[in-house]
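One file, work37.pdb, carrying PDB, C-alpha atoms:
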ATOM      1  CA  MET A 914     187.411 223.093  41.836
ATOM      2  CA  GLY A 915     188.196 220.376  44.370
ATOM      3  CA  ALA A 916     187.445 216.681  44.376
ATOM      4  CA  PRO A 917     183.778 215.668  44.429
ATOM      5  CA  ARG A 918     182.364 215.330  47.914
ATOM      6  CA  ILE A 919     181.310 211.894  49.091
ATOM      7  CA  GLN A 920     177.575 211.948  49.759
ATOM      8  CA  SER A 921     175.669 209.643  52.098
ATOM      9  CA  ALA A 922     172.912 207.870  50.185
ATOM     10  CA  GLY A 923     169.531 209.319  51.050
ATOM     11  CA  SER A 924     170.983 212.396  52.759
ATOM     12  CA  ALA A 925     169.693 215.904  52.210
ATOM     13  CA  THR A 926     172.991 217.003  50.675
ATOM     14  CA  ALA A 927     172.943 214.014  48.306
ATOM     15  CA  MET A 928     169.424 214.955  47.186
ATOM     16  CA  ILE A 929     170.469 218.582  46.697
ATOM     17  CA  SER A 930     173.555 217.538  44.733
ATOM     18  CA  ASP A 931     171.496 215.176  42.559
ATOM     19  CA  ALA A 932     168.825 217.834  41.987
ATOM     20  CA  LEU A 933     171.432 220.410  40.966
ATOM     21  CA  ASP A 934     173.016 217.865  38.625
ATOM     22  CA  ALA A 935     169.609 217.079  37.112
ATOM     23  CA  ALA A 936     168.999 220.793  36.556
ATOM     24  CA  ARG A 937     172.541 221.255  35.162
ATOM     25  CA  ARG A 938     174.527 223.400  37.577
ATOM     26  CA  ARG A 939     175.659 225.906  34.961
ATOM     27  CA  ALA A 940     172.029 226.446  33.930
ATOM     28  CA  VAL A 941     171.081 226.999  37.580
ATOM     29  CA  GLN A 942     173.876 229.554  37.855
ATOM     30  CA  ALA A 943     172.866 231.339  34.647
ATOM     31  CA  GLU A 944     169.102 231.251  35.076
ATOM     32  CA  LEU A 945     168.710 231.689  38.823
ATOM     33  CA  GLY A 946     171.840 233.665  39.663
ATOM     34  CA  PHE A 947     173.349 231.327  42.248
ATOM     35  CA  ASP A 948     177.158 231.241  42.121
ATOM     36  CA  ALA A 949     179.267 228.075  42.000
ATOM     37  CA  ALA A 950     180.555 228.545  45.561
ATOM     38  CA  THR A 951     177.008 228.698  46.925
ATOM     39  CA  LEU A 952     176.030 225.536  45.063
ATOM     40  CA  SER A 953     179.148 223.836  46.398
ATOM     41  CA  HIS A 954     178.354 224.814  50.007
ATOM     42  CA  TRP A 955     174.809 223.504  49.643
ATOM     43  CA  CYS A 956     176.187 220.100  48.606
ATOM     44  CA  ASP A 957     178.871 219.876  51.294
ATOM     45  CA  PRO A 958     177.878 217.268  53.908
ATOM     46  CA  SER A 959     180.441 218.663  56.336
ATOM     47  CA  GLU A 960     179.107 222.244  56.126
ATOM     48  CA  THR A 961     178.460 223.384  59.676
ATOM     49  CA  ASN A 962     178.321 227.161  59.435
ATOM     50  CA  GLY A 963     174.656 227.367  58.445
ATOM     51  CA  ARG A 964     175.094 227.692  54.691
ATOM     52  CA  ARG A 965     172.514 225.067  53.846
ATOM     53  CA  MET A 966     170.198 225.341  50.861
ATOM     54  CA  PRO A 967     167.039 227.249  51.817
ATOM     55  CA  VAL A 968     163.753 225.607  50.885
ATOM     56  CA  SER A 969     162.920 228.663  48.760
ATOM     57  CA  ALA A 970     166.059 228.027  46.673
ATOM     58  CA  LEU A 971     165.159 224.355  46.240
ATOM     59  CA  HIS A 972     161.704 225.509  45.142
ATOM     60  CA  GLU A 973     163.270 227.858  42.556
ATOM     61  CA  VAL A 974     165.510 225.101  41.187
ATOM     62  CA  ALA A 975     162.565 222.668  41.039
ATOM     63  CA  GLY A 976     160.434 225.295  39.287
ATOM     64  CA  PHE A 977     163.189 225.842  36.755
ATOM     65  CA  SER A 978     163.881 222.148  36.185
ATOM     66  CA  PRO A 979     161.230 219.410  36.244
ATOM     67  CA  ALA A 980     164.074 216.854  36.444
ATOM     68  CA  ALA A 981     165.305 218.483  39.670
ATOM     69  CA  ALA A 982     161.746 218.568  41.015
ATOM     70  CA  LEU A 983     161.466 214.834  40.384
ATOM     71  CA  VAL A 984     164.709 214.166  42.299
ATOM     72  CA  ALA A 985     163.428 216.169  45.290
ATOM     73  CA  ALA A 986     159.962 214.588  45.117
ATOM     74  CA  ARG A 987     161.419 211.090  45.126
ATOM     75  CA  HIS A 988     163.658 211.948  48.093
ATOM     76  CA  PHE A 989     160.809 213.288  50.221
ATOM     77  CA  ALA A 990     158.441 210.521  49.167
ATOM     78  CA  ALA A 991     161.019 207.935  50.277
ATOM     79  CA  LEU A 992     161.198 209.609  53.697
ATOM     80  CA  ALA A 993     157.438 209.110  53.962
ATOM     81  CA  GLY A 994     157.628 205.498  52.826
ATOM     82  CA  ALA A 995     155.986 206.391  49.530
ATOM     83  CA  GLU A 996     157.091 206.617  45.942
ATOM     84  CA  VAL A 997     156.715 209.034  43.059
ATOM     85  CA  ARG A 998     155.890 207.838  39.598
ATOM     86  CA  GLU A 999     156.008 209.828  36.404
ATOM     87  CA  LEU A1000     152.723 210.026  34.571
ATOM     88  CA  ALA A1001     152.529 207.846  31.489
ATOM     89  CA  GLY A1002     152.351 210.424  28.757
ATOM     90  CA  GLU A1003     151.507 214.079  28.988
ATOM     91  CA  ASP A1004     147.887 215.214  29.221
ATOM     92  CA  ARG A1005     147.457 217.260  26.059
ATOM     93  CA  THR A1006     143.935 218.573  26.625
ATOM     94  CA  LEU A1007     142.903 222.205  26.393
ATOM     95  CA  SER A1008     141.668 222.180  29.997
ATOM     96  CA  THR A1009     145.107 221.097  31.246
ATOM     97  CA  ALA A1010     146.722 223.901  29.246
ATOM     98  CA  VAL A1011     144.290 226.458  30.677
ATOM     99  CA  ALA A1012     144.966 225.139  34.199
ATOM    100  CA  ALA A1013     148.690 225.716  33.574
ATOM    101  CA  ILE A1014     147.915 229.351  32.678
ATOM    102  CA  ALA A1015     145.972 229.790  35.915
ATOM    103  CA  ARG A1016     148.798 228.253  37.932
ATOM    104  CA  ALA A1017     151.375 230.476  36.217
ATOM    105  CA  ALA A1018     149.241 233.565  36.890
ATOM    106  CA  GLY A1019     148.986 232.590  40.560
ATOM    107  CA  GLU A1020     152.776 232.185  40.770
ATOM    108  CA  ILE A1021     153.265 235.612  39.179
ATOM    109  CA  GLY A1022     150.890 237.195  41.685
ATOM    110  CA  ALA A1023     152.448 235.480  44.692
ATOM    111  CA  HIS A1024     155.997 236.302  43.616
ATOM    112  CA  MET A1025     155.052 239.916  42.840
ATOM    113  CA  LEU A1026     153.587 240.306  46.331
ATOM    114  CA  GLU A1027     156.779 238.855  47.840
ATOM    115  CA  ALA A1028     158.994 241.044  45.654
ATOM    116  CA  THR A1029     157.233 244.275  46.634
ATOM    117  CA  ASP A1030     156.803 243.439  50.313
ATOM    118  CA  PRO A1031     158.309 246.343  52.306
ATOM    119  CA  HIS A1032     159.678 243.779  54.773
ATOM    120  CA  GLY A1033     161.296 241.663  52.025
ATOM    121  CA  PRO A1034     164.958 241.514  50.992
ATOM    122  CA  GLY A1035     164.829 244.665  48.842
ATOM    123  CA  GLY A1036     162.068 246.421  50.696
ATOM    124  CA  ALA A1037     159.400 247.603  48.256
ATOM    125  CA  GLU A1038     162.013 247.537  45.446
ATOM    126  CA  ILE A1039     162.410 244.420  43.331
ATOM    127  CA  THR A1040     165.835 242.808  43.775
ATOM    128  CA  PRO A1041     167.745 241.282  40.817
ATOM    129  CA  ALA A1042     166.944 237.752  42.063
ATOM    130  CA  GLU A1043     163.252 238.616  42.390
ATOM    131  CA  ARG A1044     163.331 240.166  38.905
ATOM    132  CA  ARG A1045     164.795 236.920  37.487
ATOM    133  CA  ARG A1046     162.134 234.865  39.245
ATOM    134  CA  LEU A1047     159.358 237.113  37.902
ATOM    135  CA  GLN A1048     160.840 236.912  34.387
ATOM    136  CA  PHE A1049     160.875 233.110  34.679
ATOM    137  CA  ASP A1050     157.229 233.192  35.823
ATOM    138  CA  LEU A1051     156.223 235.471  32.938
ATOM    139  CA  ASP A1052     158.061 233.297  30.416
ATOM    140  CA  LEU A1053     156.287 230.220  31.775
ATOM    141  CA  ALA A1054     152.920 231.999  31.528
ATOM    142  CA  ALA A1055     153.650 233.046  27.929
ATOM    143  CA  GLU A1056     154.608 229.477  27.057
ATOM    144  CA  SER A1057     151.431 228.179  28.731
ATOM    145  CA  ILE A1058     149.305 230.633  26.738
ATOM    146  CA  ALA A1059     150.970 229.545  23.491
ATOM    147  CA  VAL A1060     150.308 225.881  24.317
ATOM    148  CA  ALA A1061     146.641 226.595  25.126
ATOM    149  CA  ARG A1062     146.218 228.609  21.912
ATOM    150  CA  SER A1063     147.739 225.747  19.909
ATOM    151  CA  ARG A1064     145.455 223.178  21.543
ATOM    152  CA  LEU A1065     142.402 225.363  20.989
ATOM    153  CA  THR A1066     143.279 225.699  17.311
ATOM    154  CA  ARG A1067     143.924 221.952  17.050
ATOM    155  CA  GLU A1068     140.557 221.130  18.632
ATOM    156  CA  ALA A1069     138.778 223.569  16.304
ATOM    157  CA  THR A1070     140.254 221.851  13.240
ATOM    158  CA  SER A1071     139.660 218.268  14.445
TER     159      SER A1071
END
Using structure tokens, write down the structure that the file contains.
Amino acid sequence: MGAPRIQSAGSATAMISDALDAARRRAVQAELGFDAATLSHWCDPSETNGRRMPVSALHEVAGFSPAAALVAARHFAALAGAEVRELAGEDRTLSTAVAAIARAAGEIGAHMLEATDPHGPGGAEITPAERRRLQFDLDLAAESIAVARSRLTREATS
């Protein structure tokens, strides 16, 4: 591995590099299947041959890592002259947990439609990357259901 690349503050490649660092690059490689060379190209400010990070890949990384999502959100907010603030404390209500289930179900449906689109990367067959994304979505839905069940039980005993 070569020397770290010098990033221009506020640049797209700096944001991508920071987001990948926040998500832990090895975790991104393991969980999302991107190789180290691809991650390196995405962070290279001198890359001119079109190997830039696709928005869909940034979306996957942000979905996998809330810390990476926060880095990207702050970058884009700054471009708009705005700012992003973290919420003070997590909303631990049952309705928020149920909303997370609905969102996860919507993501599963949307990603399943993309994965089985005859005009998609694997045709009507699900590619390994699409399979990983669907597994991530299903795991998130299962976690959301467990959280909602726990909150429902807690509210019943309060």
Grab the atom CA of Ala980 of chain A to atom CA of Arg937 of chain A distance for me, in Å with one decimal place.
-> 9.6 Å
Name the residues that the PyMOL selection byres ((chain A and resi 1036-1047) around 10) pulls out of this structure, and write them as a ChimeraX atom specification.
-> /A:944-947,973,976-977,1020-1035,1048-1053
Could you tell me how far atom CA of Ala1012 of chain A lies from atom CA of Ala982 of chain A, in Å and to one decimal?
->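 Separation between atom CA of Ala1012 of chain A and atom CA of Ala982 of chain A: 19.3 Å.
Shortest atom-to-atom contact with Gly1019 of chain A among A:Ala940, A:Ala925, A:Ala1054, A:Leu1065: A:Ala1054, counting only C-alpha atoms.
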Test item: which residues lie within 12 Å of (168.9, 208.4, 52.7) counting only C-alpha atoms, as a PyMOL selection string = chain A and resi 920-929+987-994
Record the distance separating atom CA of Arg1064 of chain A and atom CA of Leu1007 of chain A, expressed in Å with one decimal.
->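 Taking atom CA of Arg1064 of chain A as the start and atom CA of Leu1007 of chain A as the end point, the length is 5.6 Å.
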Between A:Ala1018, A:Val997, A:Ala1013, A:Val974, single out the one closest to Ala943 of chain A, counting all atoms listed in the file.
->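 Checking each candidate against Ala943 of chain A, we get A:Val974 as the closest.
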Quick one: residues within 10 Å of Ala936 of chain A, all atoms listed in the file counted, chain neighbours fewer than 2 positions away excluded, as a PyMOL selection string?
-> chain A and resi 930-934+938-941+974-975+977-982+984
Could you take the residues named above and write them with C-alpha atoms, as a PDB file, in the coordinates of the input?
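The resulting out-v2.pdb:
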ATOM      1  CA  SER A 930     173.555 217.538  44.733  1.00  0.00           C
ATOM      2  CA  ASP A 931     171.496 215.176  42.559  1.00  0.00           C
ATOM      3  CA  ALA A 932     168.825 217.834  41.987  1.00  0.00           C
ATOM      4  CA  LEU A 933     171.432 220.410  40.966  1.00  0.00           C
ATOM      5  CA  ASP A 934     173.016 217.865  38.625  1.00  0.00           C
ATOM      6  CA  ARG A 938     174.527 223.400  37.577  1.00  0.00           C
ATOM      7  CA  ARG A 939     175.659 225.906  34.961  1.00  0.00           C
ATOM      8  CA  ALA A 940     172.029 226.446  33.930  1.00  0.00           C
ATOM      9  CA  VAL A 941     171.081 226.999  37.580  1.00  0.00           C
ATOM     10  CA  VAL A 974     165.510 225.101  41.187  1.00  0.00           C
ATOM     11  CA  ALA A 975     162.565 222.668  41.039  1.00  0.00           C
ATOM     12  CA  PHE A 977     163.189 225.842  36.755  1.00  0.00           C
ATOM     13  CA  SER A 978     163.881 222.148  36.185  1.00  0.00           C
ATOM     14  CA  PRO A 979     161.230 219.410  36.244  1.00  0.00           C
ATOM     15  CA  ALA A 980     164.074 216.854  36.444  1.00  0.00           C
ATOM     16  CA  ALA A 981     165.305 218.483  39.670  1.00  0.00           C
ATOM     17  CA  ALA A 982     161.746 218.568  41.015  1.00  0.00           C
ATOM     18  CA  VAL A 984     164.709 214.166  42.299  1.00  0.00           C
TER      19      VAL A 984
END
Write out as a count of residues only which residues come within 8 Å of Arg965 of chain A when counting all atoms listed in the file, dropping same-chain ones fewer than 5 positions away.
-> 3
Given all atoms listed in the file as the counted atoms, nearest of A:Met966, A:Leu952, A:Ala1010, A:Ala1015 to Val1060 of chain A | A:Ala1010
For Thr951 of chain A, which of A:Ala985, A:Ala970, A:Ala1055, A:Ala935 is the closest residue, counting all atoms listed in the file?
-> A:Ala970
For segment 1046-1060 of chain A, what centre and edge lengths in Å (one decimal) does the axis-aligned box get once 5 Å is added on each side of all its listed atoms, as JSON?
{"center_x": 155.7, "center_y": 231.5, "center_z": 31.4, "size_x": 22.8, "size_y": 21.2, "size_z": 25.8}
